[in-house]
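Enquirer: You'll find run17.cif just under this line, and it carries mmCIF, C-alpha atoms.
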```cif
data_input
#
loop_
_atom_site.label_atom_id
_atom_site.label_comp_id
_atom_site.auth_asym_id
_atom_site.auth_seq_id
_atom_site.Cartn_x
_atom_site.Cartn_y
_atom_site.Cartn_z
CA MET J 1 -59.35 88.54 112.70
CA ARG J 2 -58.44 87.58 109.16
CA LYS J 3 -54.81 87.29 110.15
CA ILE J 4 -55.69 85.07 113.08
CA ALA J 5 -57.99 82.95 110.92
CA VAL J 6 -55.30 82.52 108.27
CA ALA J 7 -52.80 81.64 110.91
CA ALA J 8 -55.20 79.12 112.31
CA LEU J 9 -55.87 77.71 108.85
CA GLY J 10 -52.17 77.53 108.21
CA GLY J 11 -51.76 75.67 111.46
CA ALA J 12 -54.46 73.24 110.50
CA VAL J 13 -52.90 72.61 107.08
CA ALA J 14 -49.47 72.18 108.59
CA GLY J 15 -50.93 69.82 111.12
CA ALA J 16 -52.47 67.79 108.34
CA LEU J 17 -49.19 67.72 106.44
CA LEU J 18 -47.27 66.67 109.51
CA THR J 19 -49.76 64.07 110.62
CA ALA J 20 -50.02 62.23 107.29
CA PRO J 21 -46.35 61.09 107.14
CA LEU J 22 -46.54 59.80 110.72
CA VAL J 23 -49.19 57.25 109.80
CA ALA J 24 -46.87 55.35 107.45
CA PRO J 25 -43.95 54.95 109.92
CA LEU J 26 -46.28 53.77 112.67
CA SER J 27 -47.79 51.28 110.28
CA ALA J 28 -44.31 50.19 109.16
CA GLN J 29 -43.26 49.74 112.80
CA GLU J 30 -46.31 47.57 113.43
CA ASN J 31 -45.50 45.52 110.33
CA ASP J 32 -41.85 45.17 111.41
CA ALA J 33 -42.93 44.04 114.88
CA ARG J 34 -45.39 41.59 113.37
CA THR J 35 -42.67 40.21 111.06
CA THR J 36 -40.26 39.86 113.98
CA TYR J 37 -42.79 37.88 116.02
CA GLU J 38 -43.56 35.74 112.98
CA TYR J 39 -39.86 34.86 112.70
CA LEU J 40 -39.71 34.10 116.42
CA ASP J 41 -42.67 31.78 115.92
CA LEU J 42 -40.79 30.26 112.99
CA PHE J 43 -37.75 29.70 115.21
CA GLY J 44 -39.92 28.03 117.83
CA ASP J 45 -41.53 25.83 115.18
CA ILE J 46 -38.13 24.73 113.79
CA PHE J 47 -36.74 24.13 117.26
CA GLU J 48 -39.69 21.92 118.16
CA ARG J 49 -39.37 19.91 114.94
CA VAL J 50 -35.64 19.36 115.51
CA ARG J 51 -36.26 18.42 119.13
CA THR J 52 -38.91 15.83 118.31
CA ALA J 53 -38.02 14.57 114.83
CA TYR J 54 -34.21 14.64 114.53
CA VAL J 55 -32.68 11.21 114.03
CA GLU J 56 -30.94 11.34 117.42
CA LYS J 57 -31.87 12.91 120.72
CA VAL J 58 -30.57 16.46 120.86
CA ASP J 59 -29.16 18.49 123.73
CA GLU J 60 -31.79 21.24 123.86
CA LYS J 61 -29.57 23.62 125.83
CA ALA J 62 -26.68 23.20 123.38
CA LEU J 63 -29.09 23.68 120.48
CA ILE J 64 -30.35 27.00 121.83
CA GLU J 65 -26.83 28.18 122.69
CA SER J 66 -25.73 27.38 119.13
CA ALA J 67 -28.66 29.38 117.76
CA ILE J 68 -27.76 32.34 119.98
CA ASN J 69 -24.12 32.16 118.97
CA GLY J 70 -25.07 31.91 115.31
CA MET J 71 -27.14 35.07 115.63
CA LEU J 72 -24.26 36.97 117.22
CA THR J 73 -21.44 35.70 115.00
CA SER J 74 -23.47 36.67 111.93
CA LEU J 75 -23.04 40.31 112.99
CA ASP J 76 -19.23 40.56 112.94
CA PRO J 77 -16.19 38.46 113.91
CA HIS J 78 -16.01 39.91 117.43
CA SER J 79 -19.57 39.45 118.70
CA SER J 80 -20.27 36.12 120.37
CA TYR J 81 -22.07 34.27 123.12
CA MET J 82 -20.05 33.20 126.14
CA PRO J 83 -21.49 30.36 128.20
CA PRO J 84 -20.74 30.55 131.94
CA THR J 85 -17.40 28.68 131.70
CA ALA J 86 -16.14 30.89 128.85
CA PHE J 87 -17.30 34.02 130.70
CA ASP J 88 -15.39 32.92 133.80
CA ASP J 89 -12.28 32.26 131.68
CA MET J 90 -12.54 35.72 130.12
CA LYS J 91 -12.69 37.36 133.55
CA VAL J 92 -9.61 35.44 134.62
CA GLN J 93 -7.76 36.36 131.42
CA THR J 94 -8.34 40.08 131.85
CA ARG J 95 -6.75 39.76 135.29
CA GLY J 96 -3.58 38.63 133.51
CA GLU J 97 -3.44 34.94 134.49
CA PHE J 98 -5.02 32.06 132.60
CA GLY J 99 -4.43 28.58 131.26
CA GLY J 100 -3.89 27.79 127.59
CA LEU J 101 -1.51 28.33 124.68
CA GLY J 102 -1.04 32.10 124.78
CA ILE J 103 -2.49 33.27 121.46
CA GLU J 104 -5.10 35.85 120.54
CA VAL J 105 -7.28 34.53 117.72
CA THR J 106 -10.15 35.54 115.49
CA MET J 107 -12.17 33.78 112.77
CA GLU J 108 -11.61 34.40 109.05
CA ASN J 109 -12.98 32.43 106.10
CA GLY J 110 -13.95 29.57 108.37
CA PHE J 111 -10.47 29.14 109.84
CA VAL J 112 -8.93 30.34 113.09
CA LYS J 113 -6.55 33.22 112.39
CA VAL J 114 -3.82 34.15 114.84
CA VAL J 115 -3.92 37.86 115.64
CA SER J 116 -0.76 37.52 117.70
CA PRO J 117 1.09 35.16 120.01
CA ILE J 118 1.68 36.57 123.48
CA ASP J 119 5.28 36.97 124.62
CA ASP J 120 6.83 34.24 126.77
CA THR J 121 3.97 31.78 126.28
CA PRO J 122 3.98 28.23 124.85
CA ALA J 123 2.61 29.43 121.50
CA ALA J 124 5.30 32.11 121.10
CA GLU J 125 8.05 29.67 122.09
CA ALA J 126 6.70 27.11 119.59
CA GLY J 127 7.06 29.64 116.77
CA VAL J 128 3.41 30.54 116.15
CA GLU J 129 3.26 33.86 114.25
CA SER J 130 0.74 36.60 113.56
CA ASN J 131 -1.48 35.89 110.53
CA ASP J 132 -1.01 32.13 110.79
CA PHE J 133 -4.19 30.19 109.98
CA ILE J 134 -5.02 27.23 112.21
CA THR J 135 -6.77 24.66 110.04
CA HIS J 136 -6.73 21.58 112.30
CA ILE J 137 -6.64 20.96 116.05
CA ASP J 138 -5.33 17.52 117.00
CA GLY J 139 -6.03 16.40 113.44
CA GLU J 140 -9.64 17.63 113.41
CA SER J 141 -10.60 20.34 110.93
CA VAL J 142 -11.82 23.63 112.40
CA LEU J 143 -14.18 24.16 109.47
CA GLY J 144 -17.72 24.37 110.79
CA LEU J 145 -16.62 25.27 114.31
CA THR J 146 -17.42 28.59 115.92
CA LEU J 147 -14.56 30.59 117.38
CA ALA J 148 -15.72 29.65 120.88
CA ASP J 149 -15.74 25.95 119.95
CA ALA J 150 -12.22 26.20 118.50
CA VAL J 151 -10.94 28.01 121.59
CA ASP J 152 -12.52 25.34 123.82
CA LYS J 153 -10.67 22.63 121.87
CA MET J 154 -7.38 24.48 122.32
CA ARG J 155 -7.91 24.67 126.08
CA GLY J 156 -7.05 21.70 128.23
CA PRO J 157 -5.21 20.51 131.33
CA VAL J 158 -1.94 22.26 132.10
CA GLY J 159 0.94 20.08 130.91
CA SER J 160 -1.04 18.35 128.17
CA ASP J 161 0.06 18.53 124.53
CA ILE J 162 -1.91 19.79 121.55
CA VAL J 163 -1.02 19.55 117.86
CA ILE J 164 -2.20 22.42 115.67
CA THR J 165 -1.88 22.51 111.89
CA ILE J 166 -0.88 25.90 110.55
CA VAL J 167 -1.04 27.36 107.06
CA ARG J 168 1.46 30.20 106.76
CA GLU J 169 1.98 32.58 103.88
CA GLY J 170 5.19 31.69 102.09
CA ALA J 171 5.33 28.14 103.46
CA GLU J 172 4.95 25.44 100.81
CA GLU J 173 3.34 22.90 103.14
CA PRO J 174 1.11 23.16 106.24
CA LEU J 175 3.09 23.11 109.49
CA GLU J 176 2.26 20.82 112.38
CA VAL J 177 3.19 22.40 115.70
CA THR J 178 3.08 20.60 119.04
CA ILE J 179 2.46 22.90 122.00
CA THR J 180 2.33 22.04 125.69
CA ARG J 181 -0.47 23.85 127.49
CA ALA J 182 0.60 25.91 130.48
CA ASN J 183 -0.77 28.09 133.23
CA ILE J 184 0.11 31.46 131.75
CA LYS J 185 1.06 34.36 133.98
CA ILE J 186 1.75 37.48 132.00
CA ALA J 187 3.50 40.66 133.01
CA ALA J 188 1.54 43.00 130.76
CA ALA J 189 4.46 45.45 130.55
CA LYS J 190 8.20 45.10 131.05
CA GLY J 191 11.12 47.49 130.69
CA ARG J 192 14.82 47.23 129.95
CA ALA J 193 17.69 49.49 128.95
CA GLU J 194 19.22 49.37 125.47
CA GLY J 195 22.22 51.66 125.79
CA ASP J 196 20.77 54.97 126.96
CA VAL J 197 17.25 54.20 125.68
CA GLY J 198 14.44 52.62 127.70
CA VAL J 199 12.56 49.86 125.84
CA LEU J 200 9.02 49.39 127.19
CA ARG J 201 7.38 46.18 125.99
CA VAL J 202 3.59 46.04 126.44
CA THR J 203 2.18 42.59 125.58
CA GLN J 204 -1.54 43.13 126.22
CA PHE J 205 -3.99 45.39 128.01
CA THR J 206 -5.15 43.69 131.20
CA GLU J 207 -6.11 45.16 134.55
CA GLN J 208 -2.39 45.35 135.46
CA THR J 209 -1.05 47.01 132.31
CA TYR J 210 -0.79 50.61 133.50
CA ASP J 211 0.66 49.60 136.87
CA ASN J 212 3.17 47.28 135.17
CA LEU J 213 4.13 50.06 132.73
CA LYS J 214 4.68 52.56 135.53
CA GLU J 215 6.91 50.05 137.33
CA ALA J 216 8.80 49.35 134.09
CA ILE J 217 9.53 53.05 133.54
CA GLU J 218 10.71 53.45 137.13
CA LYS J 219 12.95 50.36 136.78
CA VAL J 220 14.54 51.69 133.59
CA GLN J 221 15.20 55.06 135.19
CA GLU J 222 16.70 53.40 138.28
CA ASP J 223 18.90 51.06 136.23
CA MET J 224 20.23 53.99 134.23
CA GLY J 225 21.05 56.09 137.26
CA GLY J 226 18.15 58.54 137.04
CA ALA J 227 15.52 59.80 134.63
CA GLU J 228 17.90 62.49 133.34
CA ASN J 229 20.16 59.77 131.88
CA VAL J 230 17.41 58.28 129.71
CA LYS J 231 17.63 59.61 126.16
CA GLY J 232 14.13 58.46 125.24
CA TYR J 233 11.78 55.49 125.17
CA VAL J 234 10.66 52.87 122.68
CA LEU J 235 7.10 51.72 123.37
CA ASP J 236 6.91 48.27 121.77
CA LEU J 237 3.31 47.33 120.92
CA ARG J 238 4.13 44.72 118.29
CA ASN J 239 1.94 41.61 118.41
CA ASN J 240 -0.14 43.18 121.18
CA PRO J 241 -3.72 42.01 120.51
CA GLY J 242 -5.36 44.65 122.71
CA GLY J 243 -7.64 44.24 125.69
CA LEU J 244 -9.34 46.67 128.05
CA LEU J 245 -10.27 50.11 126.75
CA ASN J 246 -9.68 51.82 130.09
CA GLN J 247 -6.12 50.48 130.14
CA ALA J 248 -5.48 51.77 126.62
CA VAL J 249 -6.62 55.18 127.84
CA ALA J 250 -4.42 54.96 130.94
CA VAL J 251 -1.32 53.95 128.94
CA SER J 252 -1.87 56.80 126.46
CA ASP J 253 -2.35 59.22 129.35
CA ALA J 254 1.00 58.09 130.79
CA PHE J 255 2.73 59.97 127.94
CA LEU J 256 0.33 62.90 127.40
CA GLU J 257 -0.29 66.08 129.36
CA SER J 258 -3.65 67.00 127.85
CA GLY J 259 -6.03 66.53 124.94
CA GLU J 260 -8.34 63.84 123.67
CA ILE J 261 -7.09 60.25 123.69
CA VAL J 262 -9.95 58.46 121.96
CA SER J 263 -13.67 58.80 121.36
CA THR J 264 -16.23 56.05 120.90
CA ARG J 265 -19.44 56.37 118.91
CA GLY J 266 -22.34 53.96 118.88
CA ARG J 267 -25.28 53.53 116.51
CA ASP J 268 -26.94 56.67 117.82
CA ALA J 269 -24.80 59.74 117.13
CA LYS J 270 -25.67 60.99 120.62
CA ASP J 271 -24.06 57.92 122.19
CA MET J 272 -20.52 59.24 122.16
CA ASP J 273 -17.87 59.11 124.86
CA ARG J 274 -14.61 61.05 124.93
CA TYR J 275 -11.58 60.15 126.99
CA ASN J 276 -9.12 62.95 127.72
CA ALA J 277 -5.59 63.01 129.13
CA GLU J 278 -4.78 64.53 132.49
CA PRO J 279 -1.54 66.36 133.39
CA GLY J 280 1.41 64.13 134.21
CA ASP J 281 3.86 62.53 131.77
CA LEU J 282 5.68 59.57 133.36
CA THR J 283 8.67 60.05 131.04
CA GLY J 284 9.12 63.75 131.77
CA GLY J 285 8.55 64.64 128.12
CA LYS J 286 11.35 62.50 126.69
CA PRO J 287 11.13 61.47 123.00
CA ILE J 288 9.10 58.35 122.23
CA VAL J 289 9.08 55.93 119.32
CA VAL J 290 6.14 53.51 119.11
CA LEU J 291 6.67 50.16 117.40
CA ILE J 292 3.67 48.45 115.73
CA ASN J 293 3.07 45.64 113.25
CA GLY J 294 0.24 43.58 111.81
CA GLY J 295 -0.32 41.92 115.18
CA SER J 296 -0.96 45.24 116.95
CA ALA J 297 -4.72 45.45 117.37
CA SER J 298 -7.54 47.24 119.18
CA ALA J 299 -6.21 48.86 122.37
CA SER J 300 -2.70 48.94 120.87
CA GLU J 301 -4.06 50.94 117.95
CA ILE J 302 -5.78 53.36 120.33
CA VAL J 303 -2.44 54.11 122.01
CA ALA J 304 -0.47 54.36 118.76
CA GLY J 305 -3.16 56.55 117.16
CA ALA J 306 -3.39 58.91 120.13
CA LEU J 307 0.38 59.44 120.41
CA GLN J 308 0.68 59.81 116.64
CA ASP J 309 -2.14 62.35 116.33
CA HIS J 310 -0.72 64.46 119.17
CA HIS J 311 2.75 64.33 117.59
CA ARG J 312 3.94 62.88 120.88
CA ALA J 313 5.65 59.91 119.26
CA ILE J 314 6.96 58.72 115.94
CA VAL J 315 5.31 55.45 114.91
CA VAL J 316 7.68 52.95 113.29
CA GLY J 317 7.06 49.48 111.86
CA ALA J 318 4.29 48.01 109.73
CA LYS J 319 0.57 48.77 109.40
CA SER J 320 -1.47 47.58 112.36
CA PHE J 321 -4.31 45.03 112.36
CA GLY J 322 -7.22 47.46 111.93
CA LYS J 323 -9.68 46.50 114.68
CA GLY J 324 -11.47 49.75 115.36
CA SER J 325 -14.56 48.45 117.15
CA VAL J 326 -15.50 48.34 120.82
CA GLN J 327 -17.05 45.25 122.39
CA THR J 328 -19.18 45.45 125.51
CA ILE J 329 -19.46 42.42 127.77
CA MET J 330 -23.10 42.08 128.87
CA PRO J 331 -23.67 39.54 131.68
CA LEU J 332 -26.82 37.44 131.35
CA SER J 333 -29.15 36.01 133.94
CA GLY J 334 -27.91 32.48 133.22
CA LYS J 335 -24.40 33.47 134.42
CA GLY J 336 -23.06 33.59 130.87
CA ALA J 337 -22.59 36.78 128.84
CA ILE J 338 -22.60 38.16 125.34
CA ARG J 339 -19.75 40.05 123.77
CA LEU J 340 -21.46 42.62 121.55
CA THR J 341 -19.92 45.22 119.26
CA THR J 342 -21.49 48.46 120.45
CA ALA J 343 -19.31 51.24 119.07
CA ARG J 344 -16.44 52.28 116.84
CA TYR J 345 -13.52 54.18 118.25
CA TYR J 346 -11.85 57.21 116.71
CA THR J 347 -8.40 58.70 117.20
CA PRO J 348 -8.08 62.32 118.36
CA SER J 349 -8.06 63.63 114.79
CA GLY J 350 -11.30 61.78 114.08
CA ARG J 351 -9.84 58.78 112.23
CA SER J 352 -11.65 55.47 112.32
CA ILE J 353 -9.07 52.77 111.75
CA GLN J 354 -11.62 49.97 111.34
CA ALA J 355 -10.28 47.63 108.64
CA LEU J 356 -7.64 50.26 107.78
CA GLY J 357 -5.19 50.12 110.67
CA ILE J 358 -2.66 52.67 111.85
CA GLU J 359 -0.14 53.55 109.17
CA PRO J 360 3.35 54.06 110.67
CA ASP J 361 5.15 57.35 110.14
CA ILE J 362 8.17 55.30 109.07
CA LEU J 363 7.39 52.02 107.34
CA ILE J 364 9.93 49.30 108.00
CA GLU J 365 8.99 45.66 107.63
CA GLN J 366 10.62 43.20 109.98
CA ALA J 367 13.46 41.22 108.44
CA LYS J 368 16.35 39.14 109.60
CA LEU J 369 19.60 39.88 107.83
CA ALA J 370 21.12 36.53 106.97
CA VAL J 371 24.77 36.10 107.83
CA GLU J 372 26.26 32.62 107.49
CA GLU J 373 27.57 31.14 110.72
CA GLY J 374 31.25 31.98 111.10
CA GLU J 375 31.11 34.55 108.31
CA VAL J 376 32.64 37.95 109.12
CA PRO J 377 30.93 40.86 107.34
CA PRO J 378 33.40 42.73 105.09
CA ARG J 379 34.87 45.93 106.52
CA MET J 380 35.71 48.93 104.34
CA ARG J 381 39.30 50.18 104.48
CA SER J 382 39.80 53.56 106.11
CA GLU J 383 42.56 56.13 106.56
CA ALA J 384 43.78 54.32 109.67
CA ASP J 385 44.56 51.23 107.55
CA LEU J 386 46.96 53.12 105.29
CA ARG J 387 50.64 52.56 105.98
CA GLY J 388 52.28 55.66 107.38
CA SER J 389 49.01 57.50 108.13
CA LEU J 390 49.21 60.24 110.71
CA GLU J 391 48.16 59.32 114.22
CA ASN J 392 45.58 61.29 116.15
CA ALA J 393 46.69 62.10 119.68
CA LEU J 394 43.63 61.65 121.89
CA SER J 395 43.09 62.42 125.53
CA GLU J 396 41.89 59.64 127.82
CA ASP J 397 38.36 61.11 127.90
CA GLU J 398 38.24 61.40 124.11
CA ARG J 399 39.46 57.84 123.71
CA LYS J 400 36.83 56.56 126.15
CA GLN J 401 34.10 58.50 124.34
CA ILE J 402 35.12 56.94 121.01
CA GLU J 403 35.24 53.45 122.54
CA ASP J 404 31.78 53.91 124.07
CA GLU J 405 30.42 55.13 120.74
CA ARG J 406 32.01 52.21 118.91
CA ALA J 407 30.53 49.75 121.44
CA ARG J 408 27.09 51.31 120.94
CA HIS J 409 27.34 50.96 117.17
CA GLU J 410 28.48 47.35 117.45
CA ALA J 411 25.55 46.57 119.76
CA THR J 412 23.16 48.23 117.31
CA ALA J 413 24.64 46.25 114.41
CA LYS J 414 24.12 43.03 116.35
CA LEU J 415 20.56 44.05 117.19
CA ARG J 416 19.82 44.62 113.49
CA GLN J 417 20.47 40.93 112.96
CA GLU J 418 17.96 40.02 115.67
CA ASP J 419 15.31 42.75 115.51
CA LEU J 420 15.56 45.21 112.64
CA GLN J 421 12.50 47.24 113.65
CA LEU J 422 13.74 47.81 117.21
CA ALA J 423 17.20 48.73 115.96
CA TYR J 424 15.62 51.27 113.60
CA ALA J 425 13.55 52.71 116.46
CA LEU J 426 16.72 53.19 118.52
CA ASP J 427 18.34 54.98 115.57
CA VAL J 428 15.32 57.29 115.27
CA LEU J 429 15.51 58.15 118.99
CA THR J 430 19.22 58.89 118.68
CA GLY J 431 18.44 61.25 115.81
CA LEU J 432 15.75 63.02 117.81
CA SER J 433 18.15 63.47 120.70
CA VAL J 434 20.93 64.83 118.47
CA TYR J 435 18.64 67.39 116.88
CA GLY J 436 17.08 68.34 120.20
CA MET J 437 13.50 67.65 119.20
CA GLY J 438 12.61 66.78 122.77
CA ALA J 439 9.16 65.33 123.26
CA MET J 440 7.85 66.74 119.97
CA GLN J 441 4.91 68.17 121.90
CA ALA J 442 2.48 70.06 119.74
CA ALA J 443 -0.98 71.55 120.11
CA PRO J 444 -3.66 68.85 120.18
CA PRO J 445 -5.00 68.13 116.68
CA ALA J 446 -8.31 69.63 115.67
CA SER J 447 -11.17 67.18 115.60
CA ASN J 448 -12.93 66.73 112.28
CA GLU J 449 -16.35 66.52 113.82
#
```
Show the structure stored in the file as structure tokens.

Expert:
Amino acid sequence: MRKIAVAALGGAVAGALLTAPLVAPLSAQENDARTTYEYLDLFGDIFERVRTAYVEKVDEKALIESAINGMLTSLDPHSSYMPPTAFDDMKVQTRGEFGGLGIEVTMENGFVKVVSPIDDTPAAEAGVESNDFITHIDGESVLGLTLADAVDKMRGPVGSDIVITIVREGAEEPLEVTITRANIKIAAAKGRAEGDVGVLRVTQFTEQTYDNLKEAIEKVQEDMGGAENVKGYVLDLRNNPGGLLNQAVAVSDAFLESGEIVSTRGRDAKDMDRYNAEPGDLTGGKPIVVLINGGSASASEIVAGALQDHHRAIVVGAKSFGKGSVQTIMPLSGKGAIRLTTARYYTPSGRSIQALGIEPDILIEQAKLAVEEGEVPPRMRSEADLRGSLENALSEDERKQIEDERARHEATAKLRQEDLQLAYALDVLTGLSVYGMGAMQAAPPASNE
């Protein structure tokens, strides 16, 4: 009986110890709720005073929308309120066709910052570059505008002109750029042959990206006379601002046979999703080089990180943008929506690249090698230039092989003048092929969870 009594006493004491700490949190929760309602009352009071006492009549709907947007934009640069028209535009854009300039933008220090121009759009053709800051739109400063307001001002009728003022690092004076708005139709992925290498250019992650990529790979293989003739592939994600998460997963899966692609984790540790690859590599295991730069963001970084962590590709270029957060579009009853940051994403090895970016395996900044017009680069003398040097009797096949090799080197030299990063990627693929590294497939990396 004594044992039972002690046990009962112990239970009572434990119960007392456990109950006491619960009182404070409940009280704190009640205080927090009371404070929240007090602030809501404060908001209502301020709204009413503005509505009735402001020097001019106010648009009550616009006032409330501005308050909502202010609440969301105070969280991070990617959360925002989308009124019905903006929500409709977003849905159209993710389908891969929309009107505008063709730039992905964010807000930084009160100015509109270009994440990246989209290939073959008015902005790209006008020379807009990643990391440009837009300070004025048609002569009006963007200071004080929300990102949504700035984007609205950049939209307009197809065929109309807009003048944007750009501050660019390294430029002594602001640049004024005139752009003609257009109805933009974007092929999210395209493919072409560079010698015996397939170059796959992915511009953004829309609903069509995976299908476009699959078609691009098939086109490259057909143009080169069969998949067996393709030495490898360059996946060009430079200046790709991202897009749909499910398309980033699908594109990664196109090159992987198994393993984790990405995981997302919300505020609650239990709210975690993993996305895994399924068997089936569209390239047949050929070597891959991924190209990234400072304009590669979000979904692009998911793909680059997944292929890098699985040792499926060598990543070449410059550090990526570093957007490692996931936004969820939440439709509202008023037909608008909010874009809310709900999670961070992690690469297969457990890396969060938020504000850090993906570091390339081989760092090579883009540069254009200046050669004056009409100038012929100097050529070093060789044995063949020496008078009386012995000739080398070559068969027809050997001569053709040398000529083909020389033509390839000349094409690569020309490409270095136009696109140094791509030329370097082609060199890396050639090296992988020579040394027989194949697809560089390795066991999936261990997660650090």

Enquirer: Please identify all polymer residues within 10 Å of segment 104-120 of chain J, counting all atoms listed in the file, omitting same-chain residues fewer than 2 positions from it, and present them as a PyMOL selection string.

Expert: chain J and resi 73+76-78+101-102+122-136+141-148+150-151+166-167+184-188+201-204+238-242+294-297+321

Enquirer: Can you translate the PyMOL selection byres ((chain J and resi 217) around 8) into the concrete residues it hits in this file, as a VMD selection string?

Expert: chain J and resid 191 198 200 213 to 216 218 to 221 282 to 283

Enquirer: Ranking J:Asp273, J:Lys231, J:Asp161, J:Gly280 by minimum distance to Asp253 of chain J and counting all atoms listed in the file, which one comes first?

Expert: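 Answer, going by the shortest atom-to-atom distance: J:Gly280.
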
Enquirer: Please measure the separation of atom CA of Ala425 of chain J and atom CA of Glu359 of chain J, giving the value in Å to one decimal.

Expert: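 Result for atom CA of Ala425 of chain J versus atom CA of Glu359 of chain J: 15.5 Å, one decimal.
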
Enquirer: At a cut-off of 8 Å around the point (4.6, 54.2, 115.8) (file coordinates), what residues fall inside when counting all atoms listed in the file? I'd like the answer as a list in words.

Expert: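 With a cut-off of 8 Å, the residues come to Val289, Val290, Leu291, Ile292, Ala304, Gln308, Ala313, Ile314, Val315, Val316, Gly317, Pro360, Asp361 and Ile362 of chain J.
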
Enquirer: So which one's closest to Lys153 of chain J, J:Gly431, J:Gly100, J:Gly195, J:Pro331? Using only C-alpha atoms, please.

Expert: J:Gly100

Enquirer: Quick check on the file I pasted: which residues fall under the PyMOL selection byres ((chain J and resi 205) around 6)? Write them as a list of chain:residue names.

Expert: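 Applying the expression gives J:Gln204, J:Thr206, J:Thr209, J:Gly242, J:Gly243, J:Leu244, J:Gln247.
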
Enquirer: Just how far from atom CA of Thr430 of chain J is atom CA of Ala193 of chain J, in Å to one decimal?

Expert: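 Going from atom CA of Ala193 of chain J over to atom CA of Thr430 of chain J covers 14.0 Å.
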
Enquirer: What does the distance between atom CA of Ser80 of chain J and atom CA of Leu332 of chain J come to in Å, to one decimal place?

Expert: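 Atom CA of Leu332 of chain J lies at a distance of 12.9 Å from atom CA of Ser80 of chain J.
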
Enquirer: Find the residue from J:Arg51, J:Arg181, J:Lys323, J:Arg168 that sits nearest to Met154 of chain J; use all atoms listed in the file when measuring.

Expert: J:Arg181

Enquirer: Measuring atom to atom with only C-alpha atoms, identify which of J:Tyr37, J:Phe47, J:Tyr424, J:Phe255 is nearest to Lys286 of chain J.

Expert: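 For Lys286 of chain J, the nearest of the candidates is J:Phe255.
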
Enquirer: Which is closest to Ala269 of chain J among J:Asn31, J:Ser160, J:Arg344, J:Leu415, if we use all atoms listed in the file?

Expert: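 Once distances to Ala269 of chain J are computed over all atoms listed in the file, the minimum belongs to J:Arg344.
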
Enquirer: Could you please fill out segment 114-125 of chain J with N, CA and C atoms and send it back as a PDB file, keeping the file's coordinate frame?

Expert:
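What ended up in part-v4.pdb:
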```pdb
ATOM      1  N   VAL J 114      -4.583  33.644 113.699  1.00  0.00           N
ATOM      2  CA  VAL J 114      -3.820  34.150 114.840  1.00  0.00           C
ATOM      3  C   VAL J 114      -3.629  35.653 114.689  1.00  0.00           C
ATOM      4  N   VAL J 115      -4.183  36.418 115.621  1.00  0.00           N
ATOM      5  CA  VAL J 115      -3.920  37.860 115.640  1.00  0.00           C
ATOM      6  C   VAL J 115      -2.492  38.080 116.121  1.00  0.00           C
ATOM      7  N   SER J 116      -2.146  37.445 117.240  1.00  0.00           N
ATOM      8  CA  SER J 116      -0.760  37.520 117.700  1.00  0.00           C
ATOM      9  C   SER J 116      -0.526  36.500 118.800  1.00  0.00           C
ATOM     10  N   PRO J 117       0.683  35.942 118.841  1.00  0.00           N
ATOM     11  CA  PRO J 117       1.090  35.160 120.010  1.00  0.00           C
ATOM     12  C   PRO J 117       1.491  36.118 121.123  1.00  0.00           C
ATOM     13  N   ILE J 118       1.325  35.720 122.342  1.00  0.00           N
ATOM     14  CA  ILE J 118       1.680  36.570 123.480  1.00  0.00           C
ATOM     15  C   ILE J 118       3.090  36.199 123.943  1.00  0.00           C
ATOM     16  N   ASP J 119       3.883  37.197 124.234  1.00  0.00           N
ATOM     17  CA  ASP J 119       5.280  36.970 124.620  1.00  0.00           C
ATOM     18  C   ASP J 119       5.399  35.965 125.759  1.00  0.00           C
ATOM     19  N   ASP J 120       6.455  35.161 125.686  1.00  0.00           N
ATOM     20  CA  ASP J 120       6.830  34.240 126.770  1.00  0.00           C
ATOM     21  C   ASP J 120       5.724  33.243 127.103  1.00  0.00           C
ATOM     22  N   THR J 121       4.997  32.792 126.096  1.00  0.00           N
ATOM     23  CA  THR J 121       3.970  31.780 126.280  1.00  0.00           C
ATOM     24  C   THR J 121       4.318  30.565 125.419  1.00  0.00           C
ATOM     25  N   PRO J 122       3.675  29.421 125.663  1.00  0.00           N
ATOM     26  CA  PRO J 122       3.980  28.230 124.850  1.00  0.00           C
ATOM     27  C   PRO J 122       3.843  28.464 123.354  1.00  0.00           C
ATOM     28  N   ALA J 123       2.815  29.199 122.937  1.00  0.00           N
ATOM     29  CA  ALA J 123       2.610  29.430 121.500  1.00  0.00           C
ATOM     30  C   ALA J 123       3.767  30.230 120.903  1.00  0.00           C
ATOM     31  N   ALA J 124       4.187  31.293 121.599  1.00  0.00           N
ATOM     32  CA  ALA J 124       5.300  32.110 121.100  1.00  0.00           C
ATOM     33  C   ALA J 124       6.585  31.295 121.039  1.00  0.00           C
ATOM     34  N   GLU J 125       6.831  30.476 122.061  1.00  0.00           N
ATOM     35  CA  GLU J 125       8.050  29.670 122.090  1.00  0.00           C
ATOM     36  C   GLU J 125       8.027  28.578 121.023  1.00  0.00           C
TER      37      GLU J 125
END
```
